[in-house]
>>> print(open('final-v1.cif').read())   # mmCIF, C-alpha atoms
data_data
loop_
_atom_site.label_atom_id
_atom_site.label_comp_id
_atom_site.auth_asym_id
_atom_site.auth_seq_id
_atom_site.Cartn_x
_atom_site.Cartn_y
_atom_site.Cartn_z
CA ARG U 291 185.61 142.65 4.55
CA HIS U 292 182.70 142.57 6.92
CA VAL U 293 181.74 140.22 9.72
CA HIS U 294 178.26 140.87 11.08
CA ASP U 295 176.48 139.84 14.23
CA PHE U 296 178.93 137.54 16.04
CA PHE U 297 178.84 136.07 19.51
CA PRO U 298 181.75 136.90 21.92
CA ALA U 299 182.40 133.22 22.62
CA ARG U 300 183.84 132.95 19.11
CA LEU U 301 186.76 135.34 19.70
CA GLN U 302 189.40 132.71 18.92
CA PHE U 303 187.87 132.08 15.51
CA PHE U 304 187.73 135.79 14.67
CA ARG U 305 191.34 136.29 15.73
CA ALA U 306 192.43 133.48 13.41
CA LEU U 307 190.35 135.05 10.64
CA ALA U 308 192.00 138.42 11.25
CA VAL U 309 195.48 136.87 11.07
CA ALA U 310 194.61 135.11 7.80
CA CYS U 311 193.19 138.31 6.30
CA GLN U 312 196.31 140.26 7.27
CA ARG U 313 198.56 137.66 5.64
CA ALA U 314 196.48 137.88 2.47
CA GLN U 315 196.52 141.68 2.67
CA ILE U 316 192.74 141.81 2.94
CA GLY U 317 191.20 144.51 5.09
CA LEU U 318 188.89 143.24 7.82
CA GLU U 319 186.14 145.14 9.61
CA ILE U 320 184.24 143.47 12.44
CA HIS U 321 180.82 145.02 12.86
CA TRP U 322 179.53 143.97 16.25
CA PRO U 323 175.75 144.04 16.77
CA ALA U 324 174.57 147.13 18.57
CA THR U 325 171.23 148.71 19.39
CA PHE U 326 172.89 151.89 20.66
CA VAL U 327 171.08 151.44 23.95
CA ASP U 328 173.63 151.26 26.78
CA GLN U 329 171.67 148.75 28.87
CA THR U 330 171.32 146.41 25.88
CA ASP U 331 174.87 146.71 24.55
CA LEU U 332 176.55 146.27 27.93
CA PHE U 333 177.07 142.51 27.44
CA VAL U 334 179.49 142.99 24.52
CA THR U 335 181.43 145.97 25.86
CA ASP U 336 184.03 143.93 27.75
CA ALA U 337 184.59 141.64 24.77
CA ILE U 338 185.14 144.56 22.41
CA ARG U 339 187.61 146.19 24.79
CA GLN U 340 189.48 142.89 25.14
CA MET U 341 189.69 142.56 21.37
CA GLU U 342 190.99 146.12 20.98
CA ALA U 343 193.67 145.51 23.62
CA GLU U 344 194.86 142.11 22.35
CA TRP U 345 194.63 142.77 18.62
CA GLN U 346 196.67 145.95 18.44
CA SER U 347 199.19 144.26 16.12
CA LEU U 348 196.45 143.31 13.66
CA SER U 349 194.92 145.57 11.05
CA VAL U 350 191.33 145.22 12.20
CA GLU U 351 188.62 147.82 12.66
CA LEU U 352 185.95 147.19 15.29
CA LEU U 353 182.75 149.08 14.54
CA ALA U 354 179.30 149.19 16.09
CA ASP U 355 176.62 148.20 13.63
CA GLU U 356 172.82 148.22 13.55
CA PRO U 357 170.96 144.91 13.79
CA MET U 358 170.73 142.96 10.55
CA ASP U 359 166.99 143.42 10.25
CA ARG U 360 167.51 147.17 9.88
CA CYS U 361 169.96 146.75 7.01
CA ALA U 362 168.65 146.40 3.47
CA ALA U 363 170.58 143.93 1.35
CA ASP U 364 171.84 145.19 -1.99
CA PRO U 365 172.06 142.31 -4.45
CA GLY U 366 173.63 144.59 -7.01
CA GLU U 367 176.70 145.13 -4.85
CA LYS U 368 179.53 142.97 -6.20
CA SER U 369 182.09 143.51 -3.43
CA VAL U 370 183.05 140.43 -1.44
CA SER U 371 181.70 140.36 2.09
CA ILE U 372 181.75 137.90 4.98
CA ALA U 373 178.93 137.74 7.51
CA SER U 374 178.93 135.58 10.63
CA PHE U 375 176.60 134.89 13.51
CA SER U 376 176.31 132.44 16.38
CA ALA U 377 173.25 130.44 17.37
CA PRO U 378 172.49 128.39 20.52
CA ASN U 379 171.71 125.21 18.55
CA GLN U 380 171.49 123.82 15.04
CA LYS U 381 167.77 124.46 14.64
CA LYS U 382 168.14 128.15 15.51
CA GLU U 383 171.14 128.44 13.19
CA ILE U 384 169.17 127.01 10.27
CA GLN U 385 166.21 129.29 10.98
CA GLU U 386 168.50 132.34 10.99
CA ILE U 387 170.08 131.25 7.70
CA ALA U 388 166.59 130.91 6.22
CA ARG U 389 165.64 134.40 7.40
CA ARG U 390 168.76 135.97 5.90
CA ILE U 391 168.21 134.17 2.60
CA TRP U 392 164.60 135.35 2.61
CA ARG U 393 165.81 138.94 2.97
CA LEU U 394 168.22 138.48 0.06
CA ILE U 395 165.45 137.09 -2.16
CA GLN U 396 163.09 139.90 -1.15
CA ALA U 397 165.79 142.38 -2.14
CA GLY U 398 166.01 140.86 -5.61
CA ALA U 399 168.57 138.06 -5.42
CA ALA U 400 167.77 134.94 -7.45
CA ALA U 401 167.14 131.85 -5.32
CA ASP U 402 169.41 129.66 -7.48
CA SER U 403 172.29 132.08 -6.93
CA ILE U 404 172.30 131.19 -3.22
CA ALA U 405 173.76 128.07 -1.59
CA VAL U 406 174.06 126.67 1.92
CA VAL U 407 176.99 124.38 2.70
CA ALA U 408 176.45 121.89 5.53
CA ARG U 409 178.52 119.11 7.08
CA ASN U 410 175.87 116.40 6.85
CA VAL U 411 172.89 117.05 4.59
CA ASP U 412 171.42 113.60 5.27
CA ALA U 413 171.13 114.31 8.99
CA SER U 414 169.92 117.92 8.78
CA SER U 415 167.79 118.05 5.61
CA GLU U 416 164.48 117.85 7.52
CA LEU U 417 165.43 120.86 9.67
CA TYR U 418 166.37 122.85 6.57
CA ARG U 419 163.21 121.89 4.75
CA ALA U 420 161.01 122.90 7.69
CA ALA U 421 162.74 126.27 8.13
CA PHE U 422 162.73 127.12 4.43
CA ASP U 423 159.14 125.94 3.86
CA ALA U 424 158.01 128.17 6.74
CA LEU U 425 159.25 131.19 4.76
CA GLY U 426 158.19 129.91 1.35
CA ILE U 427 161.75 129.50 0.10
CA PRO U 428 162.28 126.72 -2.49
CA LEU U 429 165.14 124.41 -1.47
CA ARG U 430 167.03 121.90 -3.57
CA TYR U 431 169.14 119.11 -2.10
CA ARG U 432 170.03 115.47 -2.52
CA VAL U 433 170.11 112.97 0.33
CA SER U 434 170.62 109.25 0.77
CA ALA U 435 168.77 106.93 3.12
CA PRO U 436 169.20 103.24 4.03
CA LEU U 437 166.90 101.03 1.95
CA TRP U 438 165.44 99.40 5.06
CA ALA U 439 164.60 102.84 6.51
CA THR U 440 162.35 103.74 3.56
CA THR U 441 158.70 102.75 3.62
CA PRO U 442 158.86 100.23 0.71
CA GLY U 443 162.05 98.66 2.07
CA ARG U 444 160.74 98.46 5.62
CA MET U 445 157.47 96.86 4.54
CA ALA U 446 159.19 94.40 2.18
CA LEU U 447 161.43 93.26 5.01
CA ALA U 448 158.49 93.05 7.43
CA LEU U 449 156.63 90.46 5.35
CA TYR U 450 158.17 87.81 7.57
CA ASP U 451 157.16 89.64 10.72
CA LEU U 452 153.49 89.91 9.77
CA SER U 453 152.64 86.23 10.08
CA GLU U 454 154.73 85.83 13.24
CA ARG U 455 152.68 88.57 14.91
CA ASP U 456 149.31 87.30 13.62
CA PHE U 457 148.91 90.22 11.19
CA PRO U 458 148.37 93.26 13.47
CA ALA U 459 145.71 95.61 12.11
CA ASP U 460 147.84 98.77 11.93
CA GLN U 461 150.59 97.03 9.96
CA VAL U 462 148.13 95.34 7.61
CA ALA U 463 146.45 98.69 6.94
CA GLU U 464 149.82 100.23 6.06
CA PHE U 465 150.55 97.39 3.63
CA LEU U 466 147.19 97.86 1.94
CA MET U 467 147.81 101.57 1.48
CA LEU U 468 151.09 100.81 -0.29
CA GLN U 469 149.69 98.18 -2.63
CA GLY U 470 146.38 99.94 -3.22
CA GLY U 471 147.20 101.40 -6.65
CA GLU U 472 144.43 102.99 -8.71
CA ASP U 473 141.50 100.69 -7.87
CA LEU U 474 141.85 100.22 -4.13
CA SER U 475 143.53 103.50 -3.10
CA ASP U 476 140.40 105.17 -1.63
CA VAL U 477 139.36 102.02 0.24
CA SER U 478 142.86 101.20 1.53
CA ALA U 479 143.25 104.74 2.87
CA ARG U 480 140.33 103.96 5.22
CA ALA U 481 141.49 100.42 6.01
CA LEU U 482 142.48 101.07 9.62
CA ALA U 483 139.20 102.87 10.35
CA ILE U 484 137.23 99.94 8.91
CA PHE U 485 139.31 97.46 10.92
CA GLN U 486 138.55 99.45 14.07
CA ALA U 487 134.84 99.52 13.24
CA ALA U 488 134.99 95.73 12.91
CA ALA U 489 136.89 95.44 16.22
CA ILE U 490 139.83 93.72 14.51
CA ARG U 491 143.17 93.67 16.33
CA ASN U 492 144.86 90.80 14.49
CA ASN U 493 143.99 87.62 12.59
CA ARG U 494 143.73 85.46 15.71
CA ILE U 495 141.37 87.25 18.11
CA GLY U 496 137.84 86.65 16.82
CA ALA U 497 138.76 83.91 14.36
CA SER U 498 136.42 80.99 13.76
CA ALA U 499 137.26 77.38 12.99
CA GLU U 500 136.81 78.00 9.25
CA ARG U 501 138.43 81.42 8.76
CA GLY U 502 140.63 84.04 10.36
CA ALA U 503 139.54 87.12 12.31
CA TYR U 504 139.76 89.47 9.32
CA ALA U 505 137.44 87.40 7.13
CA GLU U 506 135.10 86.64 10.04
CA ARG U 507 134.70 90.11 11.50
CA LEU U 508 134.67 91.96 8.18
CA ALA U 509 131.84 89.67 7.08
CA GLN U 510 129.97 90.49 10.30
CA LEU U 511 130.52 94.22 9.70
CA GLN U 512 129.30 93.86 6.12
CA ALA U 513 126.13 92.09 7.34
CA ARG U 514 125.43 94.81 9.92
CA THR U 515 125.95 97.52 7.30
CA ARG U 516 123.67 95.76 4.80
CA SER U 517 120.87 95.57 7.37
CA ARG U 518 120.80 99.38 7.58
CA GLY U 519 119.47 99.82 4.03
CA ARG U 520 120.46 100.76 0.51
CA ILE U 521 122.09 104.00 1.62
CA ARG U 522 124.98 101.83 2.74
CA ASP U 523 125.62 100.11 -0.65
CA ALA U 524 128.88 101.98 -1.24
CA ALA U 525 130.12 101.07 2.23
CA ILE U 526 129.26 97.39 1.62
CA ASP U 527 131.29 97.40 -1.60
CA SER U 528 134.22 99.01 0.23
CA ILE U 529 134.18 96.34 2.94
CA ASP U 530 134.04 93.61 0.30
CA GLU U 531 137.04 95.06 -1.59
CA LEU U 532 139.00 95.45 1.63
CA THR U 533 138.21 91.88 2.68
CA GLN U 534 139.52 90.48 -0.60
CA ALA U 535 142.71 92.58 -0.44
CA THR U 536 143.36 91.61 3.19
CA ILE U 537 142.86 87.88 2.57
CA HIS U 538 145.18 88.12 -0.44
CA LEU U 539 147.90 89.73 1.71
CA ILE U 540 147.52 87.04 4.39
CA ASP U 541 147.64 84.22 1.83
CA VAL U 542 150.81 85.63 0.24
CA CYS U 543 152.59 85.98 3.59
CA GLN U 544 151.56 82.52 4.72
CA SER U 545 152.90 81.06 1.48
CA LEU U 546 156.46 81.99 2.51
CA PRO U 547 158.21 78.72 3.46
CA SER U 548 159.22 78.02 7.05
CA ASP U 549 162.27 75.89 6.22
CA ALA U 550 163.76 75.87 2.76
CA THR U 551 166.95 76.39 0.78
CA VAL U 552 168.31 79.90 0.37
CA ALA U 553 167.32 79.84 -3.30
CA ALA U 554 163.75 78.81 -2.40
CA HIS U 555 163.46 81.54 0.26
CA CYS U 556 164.72 84.15 -2.21
CA ALA U 557 162.34 83.00 -4.95
CA ALA U 558 159.37 82.99 -2.55
CA TRP U 559 160.18 86.50 -1.29
CA ARG U 560 160.53 87.71 -4.86
CA ARG U 561 157.12 86.24 -5.78
CA ALA U 562 155.55 87.82 -2.68
CA LEU U 563 156.84 91.26 -3.65
CA ALA U 564 155.54 90.78 -7.18
CA ASN U 565 152.09 89.81 -5.85
CA LEU U 566 152.06 92.72 -3.39
CA LYS U 567 153.40 95.33 -5.78
CA PHE U 568 153.85 98.68 -4.10
CA HIS U 569 152.40 101.58 -6.06
CA VAL U 570 153.59 105.16 -5.91
CA PRO U 571 150.85 107.17 -4.17
CA LYS U 572 148.86 109.46 -6.40
CA LYS U 573 149.09 113.24 -6.16
CA PRO U 574 146.08 114.98 -4.63
CA ARG U 575 143.70 115.99 -7.41
CA ALA U 576 143.47 119.54 -6.07
CA SER U 577 147.25 119.93 -5.81
CA GLY U 578 147.03 123.32 -7.56
CA ASP U 579 145.16 124.73 -4.56
CA LEU U 580 147.75 123.57 -2.02
CA ASN U 581 150.13 125.84 -0.19
CA PRO U 582 153.43 125.91 -2.15
CA SER U 583 155.39 124.49 0.80
CA VAL U 584 152.87 121.66 1.19
CA ALA U 585 153.02 120.97 -2.54
CA ARG U 586 156.83 120.81 -2.39
CA SER U 587 156.64 118.42 0.55
CA ILE U 588 154.28 116.14 -1.40
CA GLU U 589 156.59 116.25 -4.42
CA TYR U 590 159.54 115.25 -2.27
CA ARG U 591 157.70 112.37 -0.61
CA LEU U 592 156.57 111.06 -3.99
CA ALA U 593 160.14 111.25 -5.32
CA GLU U 594 161.42 109.50 -2.19
CA PHE U 595 158.86 106.70 -2.55
CA GLN U 596 159.59 106.26 -6.26
CA ALA U 597 163.35 106.10 -5.67
CA ALA U 598 162.93 103.57 -2.85
CA THR U 599 160.64 101.38 -4.95
CA GLU U 600 163.16 101.33 -7.81
CA ALA U 601 166.05 100.63 -5.43
CA LEU U 602 164.13 97.71 -3.90
CA SER U 603 163.48 96.24 -7.35
CA GLN U 604 167.17 96.51 -8.26
CA PHE U 605 168.18 94.97 -4.92
CA VAL U 606 165.96 91.93 -5.55
CA GLU U 607 167.56 91.37 -8.96
CA VAL U 608 171.11 91.71 -7.62
CA LEU U 609 170.35 89.47 -4.63
CA SER U 610 168.98 86.68 -6.82
CA SER U 611 172.02 86.65 -9.09
CA SER U 612 174.44 86.94 -6.15
CA ILE U 613 172.94 83.92 -4.40
CA ALA U 614 173.28 81.89 -7.58
CA LEU U 615 176.98 82.81 -7.81
CA SER U 616 177.78 82.37 -4.12
CA GLY U 617 177.12 78.64 -3.84
CA LEU U 618 174.67 79.21 -0.94
CA GLU U 619 171.53 78.46 -2.92
CA SER U 620 171.34 74.83 -1.75
CA VAL U 621 171.84 75.62 1.96
CA THR U 622 168.68 74.94 4.02
CA ILE U 623 167.76 77.55 6.65
CA SER U 624 164.70 78.64 8.62
CA LYS U 625 162.43 81.57 7.78
CA LEU U 626 163.80 83.52 10.77
CA GLN U 627 167.39 82.96 9.70
CA TRP U 628 166.58 83.96 6.12
CA SER U 629 164.97 87.22 7.28
CA ARG U 630 168.14 88.01 9.24
CA TRP U 631 170.29 87.23 6.23
CA LEU U 632 168.03 89.39 4.08
CA TYR U 633 168.50 92.33 6.42
CA SER U 634 172.28 91.93 6.46
CA PHE U 635 172.39 91.64 2.65
CA GLY U 636 170.69 95.00 2.23
CA VAL U 637 171.93 96.91 5.26
CA ASP U 638 174.46 98.89 3.20
CA VAL U 639 172.11 99.66 0.30
CA ARG U 640 171.24 103.35 0.20
CA VAL U 641 168.55 105.18 -1.74
CA GLN U 642 169.50 108.45 -3.43
CA VAL U 643 166.68 111.00 -3.38
CA GLY U 644 166.76 114.48 -4.89
CA THR U 645 164.18 117.21 -4.46
CA PRO U 646 162.37 117.86 -7.78
CA VAL U 647 162.77 121.65 -7.52
CA SER U 648 164.44 124.05 -9.96
CA GLY U 649 165.20 127.72 -9.39
CA ALA U 650 165.79 127.01 -5.72
CA VAL U 651 168.37 127.61 -3.02
CA ARG U 652 170.96 124.84 -3.13
CA LEU U 653 171.83 122.80 -0.02
CA ILE U 654 175.07 120.84 -0.48
CA GLU U 655 177.80 119.24 1.60
CA PHE U 656 181.36 120.51 1.99
CA SER U 657 182.68 117.63 -0.12
CA GLN U 658 180.50 118.70 -3.07
CA ILE U 659 181.24 122.42 -3.14
CA ALA U 660 184.22 122.22 -5.52
CA GLY U 661 183.37 123.40 -9.02
CA HIS U 662 180.27 125.38 -8.03
CA ARG U 663 179.90 129.16 -8.11
CA PHE U 664 177.27 131.14 -6.23
CA ASP U 665 176.69 134.83 -5.58
CA HIS U 666 175.79 134.18 -1.94
CA LEU U 667 177.22 131.31 0.10
CA PHE U 668 176.19 130.38 3.65
CA ILE U 669 178.40 127.96 5.59
CA ALA U 670 176.60 126.19 8.43
CA GLN U 671 178.09 124.44 11.47
CA LEU U 672 181.36 126.31 10.98
CA VAL U 673 182.49 125.99 14.60
#
>>> encode(input="final-v1.cif", output="structure tokens")
Amino acid sequence: RHVHDFFPARLQFFRALAVACQRAQIGLEIHWPATFVDQTDLFVTDAIRQMEAEWQSLSVELLADEPMDRCAADPGEKSVSIASFSAPNQKKEIQEIARRIWRLIQAGAAADSIAVVARNVDASSELYRAAFDALGIPLRYRVSAPLWATTPGRMALALYDLSERDFPADQVAEFLMLQGGEDLSDVSARALAIFQAAAIRNNRIGASAERGAYAERLAQLQARTRSRGRIRDAAIDSIDELTQATIHLIDVCQSLPSDATVAAHCAAWRRALANLKFHVPKKPRASGDLNPSVARSIEYRLAEFQAATEALSQFVEVLSSSIALSGLESVTISKLQWSRWLYSFGVDVRVQVGTPVSGAVRLIEFSQIAGHRFDHLFIAQLV
């Protein structure tokens, strides 16, 4: 019955809506945004006059209306209403949807009685999450991401790239953070800083005849730290733990065969992943003191990491059995060719991740709307 706050460029859409309403014998009122200041409202005057002249055969009422921020929403009102607005880009549209939902919730509407329908949740979920978190609105949605685009998948695939690039410090530090677990988590979080303090760029620059650059320069850093006194005992232990973890990572990567059968490559990769088990990061101990939007973001990232880790484990199992059934297990290929095959095997694998939030606004795609009922429904990217 009501269409609020539209942009004149959408006249064709509103005319089609008016025709459809007339066929269904539904009354339609178009409330155009007005401030009741002539200088401000001048830009819509011509459009309104054009609509009145061209739509004389349609049962439509064109009425000036106050801006939406002056109107108090009444969640107790059960009459059906349609509201529409236009935005210059997708980000602005999502921010306006978030503001209108915030007003509904402030007026008493339950968050889980509200839904937003979008064309592609996977592509726009980050924009929605940012806009809704900014207003403190809980948001629930489910997205899918390619396995190789997730952190565990990307790092598992990059095992073959590490040795080829002489184990660059930033990539090694990221690996150590993922495999840190309970014992090494605090040390691995500072891995890159320690590598920088030791002037480590990779495993080649600064290496000696007996050992690589990581072992050599971390030992030198440990000796310098020890010479400064007992106050540095904790730092010495941290360097020692980091050295052992780094050497273990290098040894595992270097154990991957250069030329072998497909079955041998697969088995070696599987053993490497088992030796470098990725752990789900721990929640911050003071999570109760975090801003609710920050806490929700942490919960989502943890759920995403957990789902990706499980998907990677399942992919390894399926890949091993598929190779055995394919007849390719005895084919001999190089490490580079195997890494390319590995990528192509998993390129279509997607990880399903859902936000662990209840009592929240629902974000769903058009294809999933059937069978759901909501008191308030927002449709994004309509035109």
>>> resolve_selection(input="final-v1.cif", expression="the PyMOL selection byres ((chain U and resi 641) around 8)", output="mmCIF file with C-alpha atoms, keeping the file's coordinate frame")
data_model
loop_
_atom_site.group_PDB
_atom_site.id
_atom_site.type_symbol
_atom_site.label_atom_id
_atom_site.label_comp_id
_atom_site.auth_asym_id
_atom_site.auth_seq_id
_atom_site.Cartn_x
_atom_site.Cartn_y
_atom_site.Cartn_z
ATOM 1 C CA SER U 434 170.620 109.250 0.770
ATOM 2 C CA ALA U 435 168.770 106.930 3.120
ATOM 3 C CA PRO U 436 169.200 103.240 4.030
ATOM 4 C CA LEU U 437 166.900 101.030 1.950
ATOM 5 C CA ALA U 597 163.350 106.100 -5.670
ATOM 6 C CA ALA U 598 162.930 103.570 -2.850
ATOM 7 C CA ALA U 601 166.050 100.630 -5.430
ATOM 8 C CA VAL U 639 172.110 99.660 0.300
ATOM 9 C CA ARG U 640 171.240 103.350 0.200
ATOM 10 C CA GLN U 642 169.500 108.450 -3.430
ATOM 11 C CA VAL U 643 166.680 111.000 -3.380
#
>>> closest_residue(input="final-v1.cif", among="U:Leu348, U:Val608, U:Ala554, U:Ile395", to="Ser620 of chain U", atoms="all atoms listed in the file")
U:Ala554
>>> residues_around(input="final-v1.cif", residues="Ala421 of chain U", least_positions_apart="2", cutoff="12 Å", atoms="only C-alpha atoms", output="PyMOL selection string")
chain U and resi 380-392+414-419+423-429+583
>>> closest_atom_pairs(input="final-v1.cif", of="segment 411-482 of chain U", to="segment 644-657 of chain U", cutoff="7 Å", atoms="all atoms listed in the file", output="tab-separated table")
residue	atom	partner	partner_atom	distance
U:Val411	CA	U:Glu655	CA	6.2
U:Pro428	CA	U:Ala650	CA	4.8
U:Leu429	CA	U:Val651	CA	4.8
U:Arg430	CA	U:Arg652	CA	4.9
U:Tyr431	CA	U:Leu653	CA	5.0
U:Arg432	CA	U:Gly644	CA	4.2
U:Val433	CA	U:Gly644	CA	6.4
>>> residues_around(input="final-v1.cif", residues="Ser611 of chain U", least_positions_apart="6", cutoff="12 Å", atoms="all atoms listed in the file", output="PDB file with C-alpha atoms, keeping the file's coordinate frame")
ATOM      1  CA  ALA U 553     167.320  79.840  -3.300  1.00  0.00           C
ATOM      2  CA  CYS U 556     164.720  84.150  -2.210  1.00  0.00           C
ATOM      3  CA  ALA U 557     162.340  83.000  -4.950  1.00  0.00           C
ATOM      4  CA  GLN U 604     167.170  96.510  -8.260  1.00  0.00           C
ATOM      5  CA  PHE U 605     168.180  94.970  -4.920  1.00  0.00           C
ATOM      6  CA  GLY U 617     177.120  78.640  -3.840  1.00  0.00           C
ATOM      7  CA  LEU U 618     174.670  79.210  -0.940  1.00  0.00           C
ATOM      8  CA  GLU U 619     171.530  78.460  -2.920  1.00  0.00           C
TER       9      GLU U 619
END
>>> atom_distance(input="final-v1.cif", atom1="atom CA of Thr440 of chain U", atom2="atom CA of Ala593 of chain U")
11.8 Å
>>> atom_distance(input="final-v1.cif", atom1="atom CA of Leu532 of chain U", atom2="atom CA of Glu589 of chain U")
27.9 Å
>>> resolve_selection(input="final-v1.cif", expression="the PyMOL selection byres ((chain U and resi 541) around 12)", output="list of chain:residue names")
U:Leu449, U:Leu452, U:Ser453, U:Phe457, U:Asn493, U:Arg501, U:Gly502, U:Ala505, U:Gln534, U:Ala535, U:Thr536, U:Ile537, U:His538, U:Leu539, U:Ile540, U:Val542, U:Cys543, U:Gln544, U:Ser545, U:Leu546, U:Ala562, U:Asn565, U:Leu566
>>> closest_residue(input="final-v1.cif", among="U:Gln512, U:Ala489, U:Leu466, U:Lys567", to="Glu600 of chain U", atoms="only C-alpha atoms")
U:Lys567
>>> closest_residue(input="final-v1.cif", among="U:Leu615, U:Ala448, U:Ala513, U:Ile529", to="Ala481 of chain U", atoms="only C-alpha atoms")
U:Ile529
>>> atom_distance(input="final-v1.cif", atom1="atom CA of Ala463 of chain U", atom2="atom CA of Arg630 of chain U")
24.3 Å
>>> resolve_selection(input="final-v1.cif", expression="the PyMOL selection byres ((chain U and resi 444) around 12)", output="ChimeraX atom specification")
/U:435-443,445-452,461,464-465,468,568,595,598-599,602,632-633,636-637
>>> closest_residue(input="final-v1.cif", among="U:Ala558, U:Ala413, U:Leu672, U:Ala614", to="Trp628 of chain U", atoms="only C-alpha atoms")
U:Ala558
>>> closest_residue(input="final-v1.cif", among="U:Asp412, U:Asp549, U:Asp638, U:Glu506", to="Thr533 of chain U", atoms="all atoms listed in the file")
U:Glu506
>>> residues_around(input="final-v1.cif", residues="segment 622-626 of chain U", least_positions_apart="6", cutoff="7 Å", atoms="all atoms listed in the file", output="list of chain:residue names")
U:Pro547, U:Ser548, U:Asp549, U:Ala550, U:Thr551, U:Val552
>>> axis_aligned_box(input="final-v1.cif", around="segment 498-514 of chain U", padding_each_side="5 Å", output="lines of an AutoDock Vina configuration file")
center_x = 133.0
center_y = 86.1
center_z = 9.9
size_x = 25.2
size_y = 27.4
size_z = 17.6
>>> closest_residue(input="final-v1.cif", among="U:Leu609, U:Gly398, U:Ala306, U:Ile490", to="Ala459 of chain U", atoms="all atoms listed in the file")
U:Ile490
>>> build_atoms(input="final-v1.cif", residues="segment 616-628 of chain U", atoms="N, CA and C atoms", output="PDB file, in the coordinates of the input")
ATOM      1  N   SER U 616     177.079  82.550  -5.393  1.00  0.00           N
ATOM      2  CA  SER U 616     177.780  82.370  -4.120  1.00  0.00           C
ATOM      3  C   SER U 616     177.926  80.913  -3.701  1.00  0.00           C
ATOM      4  N   GLY U 617     177.100  80.033  -4.254  1.00  0.00           N
ATOM      5  CA  GLY U 617     177.120  78.640  -3.840  1.00  0.00           C
ATOM      6  C   GLY U 617     176.278  78.366  -2.611  1.00  0.00           C
ATOM      7  N   LEU U 618     175.504  79.375  -2.138  1.00  0.00           N
ATOM      8  CA  LEU U 618     174.670  79.210  -0.940  1.00  0.00           C
ATOM      9  C   LEU U 618     173.259  78.766  -1.274  1.00  0.00           C
ATOM     10  N   GLU U 619     172.926  78.682  -2.553  1.00  0.00           N
ATOM     11  CA  GLU U 619     171.530  78.460  -2.920  1.00  0.00           C
ATOM     12  C   GLU U 619     170.981  77.125  -2.431  1.00  0.00           C
ATOM     13  N   SER U 620     171.827  76.143  -2.195  1.00  0.00           N
ATOM     14  CA  SER U 620     171.340  74.830  -1.750  1.00  0.00           C
ATOM     15  C   SER U 620     171.364  74.665  -0.234  1.00  0.00           C
ATOM     16  N   VAL U 621     171.793  75.678   0.498  1.00  0.00           N
ATOM     17  CA  VAL U 621     171.840  75.620   1.960  1.00  0.00           C
ATOM     18  C   VAL U 621     170.424  75.776   2.521  1.00  0.00           C
ATOM     19  N   THR U 622     170.023  74.888   3.417  1.00  0.00           N
ATOM     20  CA  THR U 622     168.680  74.940   4.020  1.00  0.00           C
ATOM     21  C   THR U 622     168.714  75.730   5.328  1.00  0.00           C
ATOM     22  N   ILE U 623     167.838  76.719   5.443  1.00  0.00           N
ATOM     23  CA  ILE U 623     167.760  77.550   6.650  1.00  0.00           C
ATOM     24  C   ILE U 623     166.295  77.818   6.980  1.00  0.00           C
ATOM     25  N   SER U 624     166.063  78.343   8.183  1.00  0.00           N
ATOM     26  CA  SER U 624     164.700  78.640   8.620  1.00  0.00           C
ATOM     27  C   SER U 624     164.260  80.011   8.090  1.00  0.00           C
ATOM     28  N   LYS U 625     162.964  80.284   8.203  1.00  0.00           N
ATOM     29  CA  LYS U 625     162.430  81.570   7.780  1.00  0.00           C
ATOM     30  C   LYS U 625     163.046  82.718   8.601  1.00  0.00           C
ATOM     31  N   LEU U 626     163.210  82.490   9.916  1.00  0.00           N
ATOM     32  CA  LEU U 626     163.800  83.520  10.770  1.00  0.00           C
ATOM     33  C   LEU U 626     165.236  83.814  10.357  1.00  0.00           C
ATOM     34  N   GLN U 627     166.008  82.766  10.101  1.00  0.00           N
ATOM     35  CA  GLN U 627     167.390  82.960   9.700  1.00  0.00           C
ATOM     36  C   GLN U 627     167.479  83.658   8.341  1.00  0.00           C
ATOM     37  N   TRP U 628     166.593  83.308   7.433  1.00  0.00           N
ATOM     38  CA  TRP U 628     166.580  83.960   6.120  1.00  0.00           C
ATOM     39  C   TRP U 628     166.262  85.456   6.252  1.00  0.00           C
TER      40      TRP U 628
END
